[in-house]
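Novice: One file is attached below, structure.txt, containing compact mmCIF, C-alpha atoms and all ligand atoms.
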```
# COMPACT_ATOMS: atom_id res chain seq x y z
CA MET N 54 25.34 -4.58 15.52
CA ARG N 55 21.67 -5.58 15.24
CA VAL N 56 20.37 -6.01 11.72
CA THR N 57 16.81 -6.43 10.46
CA LEU N 58 15.92 -8.22 7.28
CA SER N 59 12.61 -7.01 5.87
CA VAL N 60 11.14 -8.72 2.82
CA ILE N 61 7.98 -7.04 1.53
CA LYS N 62 6.13 -8.08 -1.61
CA ALA N 63 3.09 -6.92 -3.53
CA ASP N 64 1.36 -7.47 -6.83
CA VAL N 65 0.73 -4.02 -8.24
CA GLY N 66 0.20 -4.86 -11.89
CA SER N 67 1.28 -7.30 -14.57
CA ILE N 68 1.37 -7.74 -18.33
CA GLY N 69 -1.48 -9.46 -20.16
CA GLY N 70 -2.96 -11.19 -17.09
CA HIS N 71 -1.35 -12.31 -13.82
CA THR N 72 2.05 -13.01 -15.42
CA LYS N 73 4.90 -10.68 -14.40
CA PRO N 74 5.41 -6.99 -13.62
CA GLY N 75 6.67 -4.77 -16.44
CA ASP N 76 10.44 -4.13 -16.63
CA THR N 77 9.79 -0.40 -16.19
CA MET N 78 8.10 -1.18 -12.85
CA VAL N 79 11.10 -3.23 -11.72
CA GLN N 80 13.50 -0.46 -12.79
CA SER N 81 11.54 2.13 -10.84
CA CYS N 82 11.72 -0.07 -7.69
CA GLU N 83 15.47 -0.48 -8.23
CA ASP N 84 15.98 3.29 -8.59
CA LEU N 85 14.10 4.01 -5.37
CA MET N 86 15.98 1.24 -3.58
CA ARG N 87 19.30 2.76 -4.71
CA GLN N 88 18.21 6.17 -3.39
CA ALA N 89 17.25 4.62 -0.04
CA LYS N 90 20.71 3.08 0.24
CA THR N 91 22.37 6.41 -0.58
CA SER N 92 20.23 8.24 1.98
CA GLY N 93 21.19 5.68 4.64
CA LEU N 94 17.64 4.36 5.22
CA LEU N 95 18.71 0.93 3.97
CA ILE N 96 22.00 -0.85 4.42
CA ASP N 97 21.24 -2.92 1.35
CA GLY N 98 18.31 -3.83 -0.84
CA ILE N 99 17.48 -5.74 -3.99
CA VAL N 100 14.35 -6.14 -6.10
CA THR N 101 13.14 -9.41 -7.59
CA TYR N 102 9.88 -10.70 -8.97
CA THR N 103 8.28 -14.13 -8.98
CA GLY N 104 5.26 -14.35 -11.25
CA ASP N 105 3.35 -11.08 -10.87
CA ASP N 106 4.72 -10.25 -7.40
CA LEU N 107 7.41 -7.63 -6.84
CA CYS N 108 9.65 -8.46 -3.89
CA LEU N 109 11.79 -5.95 -1.98
CA ILE N 110 14.59 -7.62 0.02
CA MET N 111 16.07 -5.07 2.45
CA SER N 112 18.56 -4.92 5.33
CA HIS N 113 18.56 -2.05 7.85
CA THR N 114 18.93 -1.27 11.56
CA LEU N 115 15.44 0.02 12.38
CA GLY N 116 13.92 -3.22 13.72
CA LYS N 117 10.83 -5.24 12.76
CA GLY N 118 7.70 -3.29 11.81
CA ALA N 119 9.66 0.00 11.42
CA SER N 120 7.28 2.53 9.91
CA LEU N 121 10.05 4.24 7.91
CA ILE N 122 10.81 0.95 6.14
CA HIS N 123 7.17 -0.07 5.67
CA LEU N 124 6.17 3.34 4.32
CA PHE N 125 9.19 3.31 2.02
CA ALA N 126 8.04 -0.05 0.61
CA TRP N 127 4.48 1.27 0.27
CA ASN N 128 5.73 4.28 -1.69
CA VAL N 129 7.86 2.06 -3.93
CA PHE N 130 4.75 -0.01 -4.73
CA LYS N 131 2.67 3.17 -5.24
CA GLU N 132 5.16 4.39 -7.84
CA ALA N 133 5.17 0.97 -9.55
CA THR N 134 1.36 1.16 -9.56
CA ARG N 135 1.51 4.53 -11.27
CA ILE N 136 3.71 3.02 -13.99
CA ALA N 137 1.43 -0.03 -14.28
CA LYS N 138 -1.55 2.27 -14.80
CA HIS N 139 0.36 4.32 -17.38
CA TYR N 140 1.08 1.21 -19.46
CA GLY N 141 -2.39 -0.26 -18.91
CA PHE N 142 -1.04 -3.34 -17.10
CA TYR N 143 -3.54 -5.70 -15.55
CA GLY N 144 -4.47 -5.36 -11.86
CA ALA N 145 -2.60 -2.08 -11.27
CA GLY N 146 -2.39 -1.56 -7.50
CA GLN N 147 -4.06 -4.95 -6.85
CA ASP N 148 -2.49 -5.57 -3.42
CA LEU N 149 -2.62 -2.00 -2.09
CA LEU N 150 -5.90 -2.44 -0.25
CA VAL N 151 -6.05 0.73 1.85
CA ASP N 152 -5.60 4.40 0.93
CA ALA N 153 -2.68 4.93 3.28
CA PRO N 154 -1.27 2.43 5.79
CA SER N 155 -0.94 3.53 9.40
CA GLY N 156 2.81 2.85 9.42
CA ASN N 157 2.94 -0.92 9.17
CA VAL N 158 1.87 -2.40 5.83
CA ARG N 159 0.92 -5.75 7.38
CA GLY N 160 -2.87 -5.88 7.02
CA ALA N 161 -2.83 -3.31 4.21
CA GLY N 162 -2.28 -5.84 1.39
CA PRO N 163 1.49 -6.33 0.88
CA ALA N 164 3.01 -9.48 2.40
CA VAL N 165 5.72 -9.00 5.04
CA ALA N 166 8.38 -11.36 6.43
CA GLU N 167 10.91 -9.90 8.87
CA THR N 168 13.62 -11.09 11.20
CA GLU N 169 16.03 -9.19 13.46
CA PHE N 170 19.32 -10.52 14.79
CA GLU N 171 22.71 -9.68 16.24
CA LEU N 172 25.12 -9.80 13.32
CA LEU N 173 27.97 -12.30 13.62
CA PRO N 174 27.94 -13.16 17.36
CA ASN N 175 30.34 -15.88 18.57
CA HIS N 176 27.79 -18.65 18.09
CA ARG N 177 27.11 -17.55 14.49
CA PRO N 178 30.30 -16.57 12.69
CA ALA N 179 28.62 -16.34 9.25
CA GLU N 180 25.16 -15.07 8.32
CA ALA N 181 23.47 -17.00 5.50
CA PHE N 182 19.79 -16.88 4.59
CA LEU N 183 17.23 -17.84 1.97
CA VAL N 184 14.36 -15.77 0.61
CA PHE N 185 11.46 -17.72 -0.87
CA ALA N 186 8.72 -16.09 -2.93
CA ALA N 187 5.64 -18.01 -4.07
CA ASP N 188 3.02 -16.93 -6.59
CA LYS N 189 -0.55 -18.23 -7.08
CA CYS N 190 -0.52 -19.72 -3.57
CA GLY N 191 -2.19 -19.41 -0.19
CA PRO N 192 -0.02 -18.69 2.89
CA GLY N 193 -0.03 -22.37 3.89
CA ALA N 194 2.06 -23.15 0.79
CA TYR N 195 5.22 -23.58 2.90
CA ASN N 196 3.60 -25.83 5.56
CA PHE N 197 4.65 -29.11 3.96
CA ALA N 198 8.29 -28.14 3.41
CA LEU N 199 8.64 -26.42 6.77
CA TRP N 200 7.21 -29.33 8.74
CA ASN N 201 9.71 -31.63 7.03
CA THR N 202 12.61 -29.32 7.83
CA LEU N 203 11.54 -28.73 11.45
CA CYS N 204 10.46 -32.26 12.35
CA ASN N 205 11.43 -34.97 9.89
CA PRO N 206 14.91 -36.57 10.01
CA MET N 207 14.05 -38.36 6.74
CA ARG N 208 14.30 -34.94 5.09
CA ASN N 209 16.52 -33.08 7.54
CA GLY N 210 19.40 -35.28 8.66
CA GLY N 211 20.65 -32.35 10.76
CA LEU N 212 18.03 -33.31 13.37
CA LEU N 213 20.14 -36.45 13.96
CA LEU N 214 23.60 -35.17 13.13
CA SER N 215 23.71 -31.77 14.85
CA PRO N 216 23.37 -31.64 18.67
CA LYS N 217 21.88 -28.13 18.28
CA LEU N 218 19.21 -29.17 15.81
CA PHE N 219 18.43 -32.25 17.95
CA LEU N 220 16.96 -29.82 20.52
CA GLY N 221 14.33 -28.88 17.93
CA PHE N 222 12.54 -25.62 17.25
CA THR N 223 9.66 -23.60 18.62
CA ALA N 224 7.18 -22.69 15.91
CA THR N 225 4.50 -20.00 16.03
CA VAL N 226 1.42 -21.11 14.12
CA ILE N 227 -1.19 -18.51 13.17
CA ASP N 228 -4.91 -19.13 12.74
CA MET N 229 -5.58 -17.34 9.46
CA ASP N 230 -9.35 -17.53 9.94
CA HIS N 231 -9.18 -15.13 12.87
CA LYS N 232 -10.67 -11.94 11.45
CA ASP N 233 -10.26 -9.36 14.22
CA LYS N 234 -8.22 -6.51 12.71
CA ASN N 235 -6.53 -5.66 16.01
CA THR N 236 -5.47 -9.12 17.20
CA ASP N 237 -3.91 -12.37 15.95
CA ARG N 238 -4.70 -15.89 17.18
CA ILE N 239 -1.47 -17.83 17.57
CA ILE N 240 -0.10 -20.97 19.24
CA LYS N 241 3.53 -21.80 20.01
CA ILE N 242 4.63 -25.40 19.59
CA ASN N 243 7.97 -26.83 20.68
CA THR N 244 8.73 -29.63 18.22
CA ALA N 245 10.89 -31.49 20.78
CA GLU N 246 8.45 -31.47 23.69
CA GLY N 247 5.43 -33.74 24.32
CA LEU N 248 5.07 -35.03 20.75
CA GLY N 249 5.17 -31.42 19.53
CA HIS N 250 6.18 -32.55 16.05
CA ILE N 251 2.93 -34.54 15.71
CA LYS N 252 0.85 -31.71 17.17
CA LEU N 253 2.41 -29.36 14.65
CA ALA N 254 1.47 -31.79 11.85
CA ALA N 255 -2.12 -31.90 13.15
CA LEU N 256 -2.43 -28.16 12.58
CA LEU N 257 -0.30 -27.71 9.46
CA ARG N 258 -2.22 -30.31 7.45
CA ASN N 259 -4.98 -27.67 7.13
CA ILE N 260 -3.07 -25.38 4.76
CA ASP N 261 -6.05 -23.05 4.30
CA ARG N 262 -6.38 -22.23 7.99
CA PHE N 263 -3.04 -22.67 9.77
CA ALA N 264 0.43 -21.55 8.72
CA ILE N 265 3.80 -21.33 10.40
CA GLU N 266 4.53 -17.66 10.91
CA ALA N 267 7.86 -18.00 12.72
CA ALA N 268 10.24 -20.61 14.12
CA TYR N 269 13.05 -20.15 16.63
CA SER N 270 16.02 -22.34 17.58
CA ASN N 271 15.59 -24.18 20.89
CA ALA N 272 19.38 -24.17 21.35
CA TYR N 273 19.44 -20.35 21.01
CA PRO N 274 15.87 -19.21 21.79
CA ASN N 275 16.50 -15.61 20.68
CA GLU N 276 17.63 -16.70 17.23
CA GLN N 277 14.86 -16.70 14.63
CA PHE N 278 15.14 -19.45 12.06
CA VAL N 279 12.03 -18.80 9.93
CA SER N 280 9.70 -15.89 9.16
CA VAL N 281 6.68 -16.28 6.85
CA SER N 282 4.12 -13.73 5.71
CA ALA N 283 0.90 -15.44 6.76
CA THR N 284 -1.95 -13.04 6.09
CA ARG N 285 -5.15 -13.52 4.13
CA LEU N 286 -5.98 -10.91 1.52
CA HIS N 287 -9.62 -11.96 1.60
CA ASN N 288 -9.77 -11.23 5.32
CA ILE N 289 -8.55 -7.72 4.61
CA ALA N 290 -10.65 -7.04 1.52
CA GLY N 291 -13.69 -9.16 2.49
CA LYS N 292 -13.71 -10.72 -0.98
CA TYR N 293 -11.31 -12.45 -3.38
CA THR N 294 -8.88 -9.84 -4.69
CA GLY N 295 -5.89 -12.04 -5.56
CA LYS N 296 -3.91 -14.77 -3.90
CA ASP N 297 -1.82 -14.20 -0.80
CA ASP N 298 1.39 -15.39 -2.45
CA PRO N 299 3.52 -15.77 0.69
CA ILE N 300 7.18 -14.93 1.13
CA MET N 301 9.53 -16.57 3.61
CA ILE N 302 12.96 -15.84 5.11
CA VAL N 303 14.94 -18.84 6.41
CA ARG N 304 18.31 -18.31 8.10
CA THR N 305 20.57 -21.29 7.45
CA GLN N 306 23.77 -23.11 8.45
CA GLY N 307 25.52 -23.43 11.80
CA ILE N 308 22.91 -23.25 14.57
CA PHE N 309 20.15 -23.70 11.96
CA SER N 310 19.47 -26.28 9.27
CA ALA N 311 21.72 -26.34 6.23
CA THR N 312 20.41 -24.73 3.04
CA GLU N 313 19.99 -28.18 1.45
CA GLU N 314 17.90 -29.39 4.42
CA VAL N 315 15.51 -26.48 3.90
CA VAL N 316 15.13 -26.73 0.13
CA GLU N 317 14.97 -30.51 -0.30
CA PRO N 318 11.27 -30.95 0.64
CA PHE N 319 10.36 -28.65 -2.27
CA LYS N 320 11.34 -31.54 -4.56
CA ASP N 321 8.07 -33.23 -3.52
CA CYS N 322 6.04 -30.42 -5.15
CA PRO N 323 3.15 -30.55 -2.65
CA PHE N 324 -0.39 -29.76 -3.76
CA VAL N 325 -1.29 -26.26 -2.57
CA THR N 326 -4.30 -23.98 -2.75
CA GLY N 327 -4.09 -21.22 -5.34
CA ASP N 328 -3.86 -21.36 -9.12
CA CYS N 329 -6.52 -19.89 -11.36
CA ARG N 330 -8.65 -17.40 -9.39
CA GLY N 331 -6.95 -18.68 -6.23
CA SER N 332 -9.61 -21.35 -6.10
CA HIS N 333 -7.96 -24.60 -7.16
CA THR N 334 -5.37 -27.15 -6.09
CA MET N 335 -2.19 -27.78 -8.06
CA ALA N 336 1.40 -28.83 -7.35
CA LEU N 337 3.93 -26.19 -6.27
CA MET N 338 6.66 -25.89 -8.92
CA PRO N 339 10.17 -24.68 -7.94
CA VAL N 340 11.36 -22.06 -10.45
CA SER N 341 14.12 -19.55 -11.04
CA ILE N 342 13.48 -15.97 -9.88
CA GLN N 343 12.12 -13.54 -12.49
CA THR N 344 9.91 -16.34 -13.88
CA PRO N 345 6.57 -15.22 -15.36
CA VAL N 346 3.46 -17.31 -14.71
CA ARG N 347 2.70 -18.94 -18.04
CA GLY N 348 1.60 -22.38 -16.89
CA GLY N 349 -1.80 -23.83 -17.61
CA TYR N 350 -4.33 -22.72 -15.05
CA CYS N 351 -1.77 -20.53 -13.23
CA GLN N 352 0.40 -23.33 -11.88
CA PRO N 353 1.68 -22.22 -8.46
CA ILE N 354 5.39 -21.42 -8.44
CA VAL N 355 8.06 -20.79 -5.81
CA SER N 356 11.53 -19.21 -6.14
CA CYS N 357 14.43 -19.26 -3.68
CA LEU N 358 17.48 -16.98 -3.47
CA ALA N 359 20.42 -17.76 -1.18
CA PHE N 360 22.36 -14.85 0.34
CA SER N 361 25.36 -14.26 2.53
CA MET N 362 25.74 -11.07 4.55
CA ASN N 363 28.98 -9.26 5.39
CA GLN N 364 29.92 -7.65 8.71
CA ASN N 365 28.23 -4.37 7.66
CA GLY N 366 24.87 -5.99 6.93
CA GLN N 367 25.34 -5.83 3.14
CA PHE N 368 24.38 -8.70 0.87
CA THR N 369 27.20 -10.36 -1.01
CA GLU N 370 27.63 -9.26 -4.63
CA GLU N 371 26.13 -12.48 -5.97
CA GLU N 372 23.06 -14.35 -4.82
CA ILE N 373 22.46 -17.99 -5.71
CA ASP N 374 19.24 -18.77 -7.53
CA ILE N 375 18.62 -22.13 -5.87
CA PHE N 376 15.81 -23.48 -8.05
CA GLU N 377 17.51 -22.52 -11.31
CA GLY N 378 19.13 -25.22 -13.41
CA LEU N 379 19.27 -28.93 -14.01
CA GLU N 380 19.02 -30.09 -10.38
CA TRP N 381 15.39 -28.90 -10.19
CA GLU N 382 14.31 -29.92 -13.70
CA GLU N 383 12.95 -33.26 -12.51
CA ALA N 384 10.90 -31.53 -9.79
CA ARG N 385 9.44 -29.17 -12.36
CA GLN N 386 8.39 -32.12 -14.53
CA LYS N 387 6.89 -33.79 -11.49
CA ALA N 388 4.91 -30.64 -10.57
CA LEU N 389 3.57 -30.46 -14.12
CA ALA N 390 2.60 -34.15 -14.14
CA LYS N 391 0.91 -33.98 -10.72
CA SER N 392 -0.98 -30.88 -11.77
CA SER N 393 -2.11 -32.41 -15.07
CA TYR N 394 -3.65 -35.32 -13.19
CA MET N 395 -5.45 -32.95 -10.87
CA ARG N 396 -6.70 -30.78 -13.74
CA GLU N 397 -8.30 -33.83 -15.36
CA GLN N 398 -11.03 -33.55 -12.77
CA GLY N 399 -11.67 -29.83 -13.33
CA PHE N 400 -13.65 -28.47 -10.40
CA PHE N 401 -14.67 -31.77 -8.79
CA GLY N 402 -13.72 -32.59 -5.20
CA VAL N 403 -10.16 -31.80 -4.15
CA ALA N 404 -9.34 -30.18 -7.51
CA MET N 405 -11.13 -27.07 -6.27
CA ALA N 406 -10.11 -25.25 -3.05
CA SER N 407 -11.85 -25.95 0.26
CA GLU N 408 -15.29 -24.50 1.10
CA GLU N 409 -13.63 -21.94 3.43
CA GLU N 410 -11.50 -20.65 0.57
CA ILE N 411 -14.19 -20.39 -2.06
CA ALA N 412 -16.46 -18.62 0.44
CA TYR N 413 -14.85 -15.42 -0.83
CA THR N 414 -15.67 -16.05 -4.49
CA GLY N 415 -18.72 -15.69 -6.72
CA LEU N 416 -19.69 -19.29 -5.96
CA VAL N 417 -21.31 -17.93 -2.79
CA GLU N 418 -23.95 -16.23 -4.91
CA ARG N 419 -24.86 -19.56 -6.55
CA MET N 420 -25.16 -21.26 -3.16
CA LYS N 421 -27.35 -18.44 -1.85
CA GLU N 422 -29.68 -19.07 -4.74
CA LEU N 423 -29.62 -22.88 -4.57
CA TYR N 424 -29.65 -23.70 -0.84
CA PRO N 425 -33.13 -22.27 -0.14
CA ARG N 426 -34.51 -24.32 -3.04
CA PHE N 427 -33.71 -27.63 -1.31
CA GLU N 428 -36.88 -29.41 -0.13
CA ILE N 429 -37.36 -31.80 2.79
CA ARG N 430 -38.86 -35.08 1.52
CA LYS N 431 -40.38 -37.57 3.90
CA ASN N 432 -38.84 -41.06 3.75
CA GLU N 433 -41.26 -43.65 2.30
P1 LIG B 1 -2.43 -13.25 -8.22
O1 LIG B 1 -2.89 -13.37 -6.79
O2 LIG B 1 -1.05 -13.72 -8.40
O3 LIG B 1 -2.65 -11.86 -8.69
O4 LIG B 1 -3.31 -14.22 -9.11
C1 LIG B 1 -4.68 -14.04 -9.09
C2 LIG B 1 -5.48 -14.95 -9.93
O5 LIG B 1 -6.68 -14.98 -9.70
C3 LIG B 1 -4.91 -15.77 -10.99
O6 LIG B 1 -5.91 -16.50 -11.69
MG MG B 2 -2.00 -10.60 -10.05
MG MG B 3 0.68 -13.02 -7.45
```
As structure tokens, how would this structure be written, given the file I've shared?
Ligand code: 13P
Ligand code: MG
Ligand code: MG

Specialist:
Amino acid sequence: MRVTLSVIKADVGSIGGHTKPGDTMVQSCEDLMRQAKTSGLLIDGIVTYTGDDLCLIMSHTLGKGASLIHLFAWNVFKEATRIAKHYGFYGAGQDLLVDAPSGNVRGAGPAVAETEFELLPNHRPAEAFLVFAADKCGPGAYNFALWNTLCNPMRNGGLLLSPKLFLGFTATVIDMDHKDKNTDRIIKINTAEGLGHIKLAALLRNIDRFAIEAAYSNAYPNEQFVSVSATRLHNIAGKYTGKDDPIMIVRTQGIFSATEEVVEPFKDCPFVTGDCRGSHTMALMPVSIQTPVRGGYCQPIVSCLAFSMNQNGQFTEEEIDIFEGLEWEEARQKALAKSSYMREQGFFGVAMASEEEIAYTGLVERMKELYPRFEIRKNE
């Protein structure tokens, strides 16, 4: 049996600023998800939120980019928007950037991560996966952690200990500055070939332009390890409308890295673009799911749920909230401390996002006014 995991998220309204969706919005998503399971459209589905982003985690048999699934998600978000408007929530419908999507919501505002696989083949007797959701972040927010998991034995001992992981991965990196609506600009890099791991680092260091979109196992080239939503809202809308807030699916264990090898790099709390007005740099804080954004200056946050899947493609009764609890408390303190240091310099230098990022904000107007007023002065 082939199963597709589709994770689709959108910010369609939140309470008192960019904090969290209303409970009534979440309930409405859950009701519609339940109906879709009863009708047979979905095998399984759950609803979570991280900050102000609603996240639909679905399993089905219709393949990646299936219009029935995408339009279902769109309609779920439309209904949540209606509720957000009714209650006067902030930013109702914020990420629904077109009137009606053509069938695939990628490029219409919501973020999409999908992966399709044969369920429980001989080489993979158990299906385990993680779903990450980040708020107040650009799509390069996972670059640091993913590079460590794909390339760095200091962080992923499996690269040394597992003969399958030793063969490395092939990553698809997307150029997020490419603005043609009908095409993507991508490069595939094999981490184990011709210093591929260093070449990958050379691209991923620019978190505002390049992001890993997918990674596959070299040992089993048809098996997808990672899927990330790597789209730019400002490329769709032409101006700043909210942050991209990427989601990511990572399949784990067996032929892939262990769960702990994927989550460990998040303890470093890398500085990412995002935060207040999507225009600053702060440290990414690992948090429990259903966490509102309350931090000073919209501290960027990331949640992670671990799932197992049974032979019918259903999620197990319980999911594990990886970043909940004591084990991640120290990382949270670290993220707060790193961010406080950065905030001490307000908008100066690296505390504000790169020129490319702020090109979609009101700062452009100031530059338009000021640049022509520069004068050329002859050297004495
Ligand atoms: P969101 O993208 O999460 O809506 O946040 C937008 C923002 O500008 C926060 O200051
Ligand atoms: Mg918002
Ligand atoms: Mg958000």

Novice: I'd like the contact shell of N:Lys117 - 7 Å cut-off, only C-alpha atoms, skipping same-chain residues fewer than 5 positions apart - returned as a short mmCIF file (atom, residue, chain, number, x, y, z; two decimals) with C-alpha atoms, in the frame of the given file.

Specialist:
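Dumped everything to selection.cif:
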```cif
data_model
loop_
_atom_site.label_atom_id
_atom_site.label_comp_id
_atom_site.auth_asym_id
_atom_site.auth_seq_id
_atom_site.Cartn_x
_atom_site.Cartn_y
_atom_site.Cartn_z
CA THR N 57 16.81 -6.43 10.46
CA GLU N 167 10.91 -9.90 8.87
CA THR N 168 13.62 -11.09 11.20
CA GLU N 169 16.03 -9.19 13.46
#
```

Novice: For the interface of chain N with ligand LIG 1 (chain B) (cut-off 6 Å, counting all atoms listed in the file), please tabulate each contacting residue of chain N alongside its nearest pair of atoms and their separation in Å to one decimal, rows sorted by chain and increasing number, as JSON lines.

Specialist:
```
{"residue": "N:His71", "atom": "CA", "partner": "B:LIG1", "partner_atom": "O3", "distance": 5.3}
{"residue": "N:Asp105", "atom": "CA", "partner": "B:LIG1", "partner_atom": "O2", "distance": 5.7}
{"residue": "N:Asp188", "atom": "CA", "partner": "B:LIG1", "partner_atom": "O2", "distance": 5.5}
{"residue": "N:Lys189", "atom": "CA", "partner": "B:LIG1", "partner_atom": "O2", "distance": 4.7}
{"residue": "N:Gly295", "atom": "CA", "partner": "B:LIG1", "partner_atom": "O1", "distance": 3.5}
{"residue": "N:Lys296", "atom": "CA", "partner": "B:LIG1", "partner_atom": "O1", "distance": 3.4}
{"residue": "N:Asp328", "atom": "CA", "partner": "B:LIG1", "partner_atom": "O6", "distance": 5.9}
{"residue": "N:Cys329", "atom": "CA", "partner": "B:LIG1", "partner_atom": "O6", "distance": 3.5}
{"residue": "N:Arg330", "atom": "CA", "partner": "B:LIG1", "partner_atom": "O5", "distance": 3.1}
{"residue": "N:Gly331", "atom": "CA", "partner": "B:LIG1", "partner_atom": "O5", "distance": 5.1}
{"residue": "N:Cys351", "atom": "CA", "partner": "B:LIG1", "partner_atom": "O6", "distance": 6.0}
```

Novice: Take the residues just selected and output them with C-alpha atoms as a compact mmCIF listing (two decimals), keeping the file's coordinate frame.

Specialist:
```txt
# COMPACT_ATOMS: atom_id res chain seq x y z
CA HIS N 71 -1.35 -12.31 -13.82
CA ASP N 105 3.35 -11.08 -10.87
CA ASP N 188 3.02 -16.93 -6.59
CA LYS N 189 -0.55 -18.23 -7.08
CA GLY N 295 -5.89 -12.04 -5.56
CA LYS N 296 -3.91 -14.77 -3.90
CA ASP N 328 -3.86 -21.36 -9.12
CA CYS N 329 -6.52 -19.89 -11.36
CA ARG N 330 -8.65 -17.40 -9.39
CA GLY N 331 -6.95 -18.68 -6.23
CA CYS N 351 -1.77 -20.53 -13.23
```

Novice: Measure the distance from atom CA of N:Thr223 to atom CA of N:Leu58 in Å and round it to one decimal.

Specialist: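 If I compute the distance from atom CA of N:Thr223 to atom CA of N:Leu58, I get 20.1 Å.
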
Novice: May I ask which of the residues N:Arg262, N:His123, N:Lys62, N:Arg419 is the closest one to ligand MG 3 (chain B), counting all atoms listed in the file?

Specialist: N:Lys62

Novice: Go through N:Ala164, N:Val100, N:Ala194, N:Ala137 and flag the residue nearest N:Leu358, using only C-alpha atoms for the distances.

Specialist: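 Going through N:Ala164, N:Val100, N:Ala194, N:Ala137 one by one, the smallest distance to N:Leu358 is for N:Val100.
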
Novice: So, counting only C-alpha atoms, which residue among N:His113, N:Arg258, N:His333, N:Lys292 is closest to N:Tyr195?

Specialist: N:Arg258

Novice: So, with only C-alpha atoms as the atoms that count, which of N:Glu408, N:Asp106, N:Asp233, N:Glu83 lies closest to N:Ile61?

Specialist: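 The answer is N:Asp106, which sits nearest to N:Ile61.
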
Novice: Counting all atoms listed in the file, find the residues whose atoms lie at most 9 Å from (18.0, -31.4, 18.7) (file coordinates) and write them out as a VMD selection string.

Specialist: chain N and resid 211 to 222 245 271 to 272

Novice: Of the candidates N:Ser112, N:Thr344, N:Ser92, N:Ser270, which one gets nearest to ligand MG 3 (chain B) if we count only C-alpha atoms and all ligand atoms?

Specialist: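 Using only C-alpha atoms and all ligand atoms, the shortest distance to ligand MG 3 (chain B) belongs to N:Thr344.
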
Novice: As an exercise, work out the distance from atom CA of N:Arg135 to atom CA of N:Ala166 in Å and give it to one decimal place.

Specialist: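 Distance reported for this atom pair: 24.8 Å.
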
Novice: For ligand MG 2 (chain B), collect every residue having any atom at a distance of at most 10 Å from a ligand atom (counting only C-alpha atoms and all ligand atoms); output as a ChimeraX atom specification.

Specialist: /N:63-68,70-74,104-106,143-148,188-189,294-298,330,346

Novice: What gap, in Å, lies between atom CA of N:Phe197 and atom CA of N:Ile99?

Specialist: 27.8 Å

Novice: Using all atoms listed in the file, determine which residues lie at most 8 Å from stretch 170-184 of chain N, disregarding the query and same-chain residues fewer than 6 positions distant; provide the list as a list in words.

Specialist: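 Surrounding residues, per the criterion: Met54, Arg55, Val56, Thr57, Glu276, Gln277, Ile300, Met301, Ile302, Val303, Arg304, Thr305, Gln306, Gly307, Ile308, Thr312, Cys357, Leu358, Ala359, Phe360, Ser361, Met362, Asn363, Gln364 and Gly366 of chain N.
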
Novice: I want to know what sits within 12 Å of N:Ala126, based on all atoms listed in the file, with residues of the same chain fewer than 4 positions away left out; could you give that as an MDAnalysis selection string?

Specialist: chainID N and resid 59:63 82:83 85:86 89 94:95 98:100 107:111 118:122 130:133 149 154 156:159 161:165

Novice: Quick one: residues within 8 Å of stretch 313-318 of chain N, all atoms listed in the file, excluding same-chain residues fewer than 4 positions away - as JSON, numbers by chain?

Specialist: {"N": [197, 198, 199, 201, 202, 208, 209, 210, 211, 322]}

Novice: For stretch 313-316 of chain N, what centre and edge lengths in Å (one decimal) does the axis-aligned box get once 6 Å is added on each side of all its listed atoms, as lines of an AutoDock Vina configuration file?

Specialist:
```
center_x = 17.6
center_y = -27.9
center_z = 2.3
size_x = 16.9
size_y = 14.9
size_z = 16.3
```

Novice: Which residue, N:Pro353, N:Gly348, N:Gly249, N:Gly378, has the smallest gap to ligand MG 3 (chain B) when you use all atoms listed in the file?

Specialist: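 Of N:Pro353, N:Gly348, N:Gly249, N:Gly378, the one nearest ligand MG 3 (chain B), counting all atoms listed in the file, is N:Pro353.
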
Novice: Quick one: residues within 10 Å of N:Phe400, only C-alpha atoms, excluding same-chain residues fewer than 6 positions away - as JSON, numbers by chain?

Specialist: {"N": [332, 333, 334, 406]}
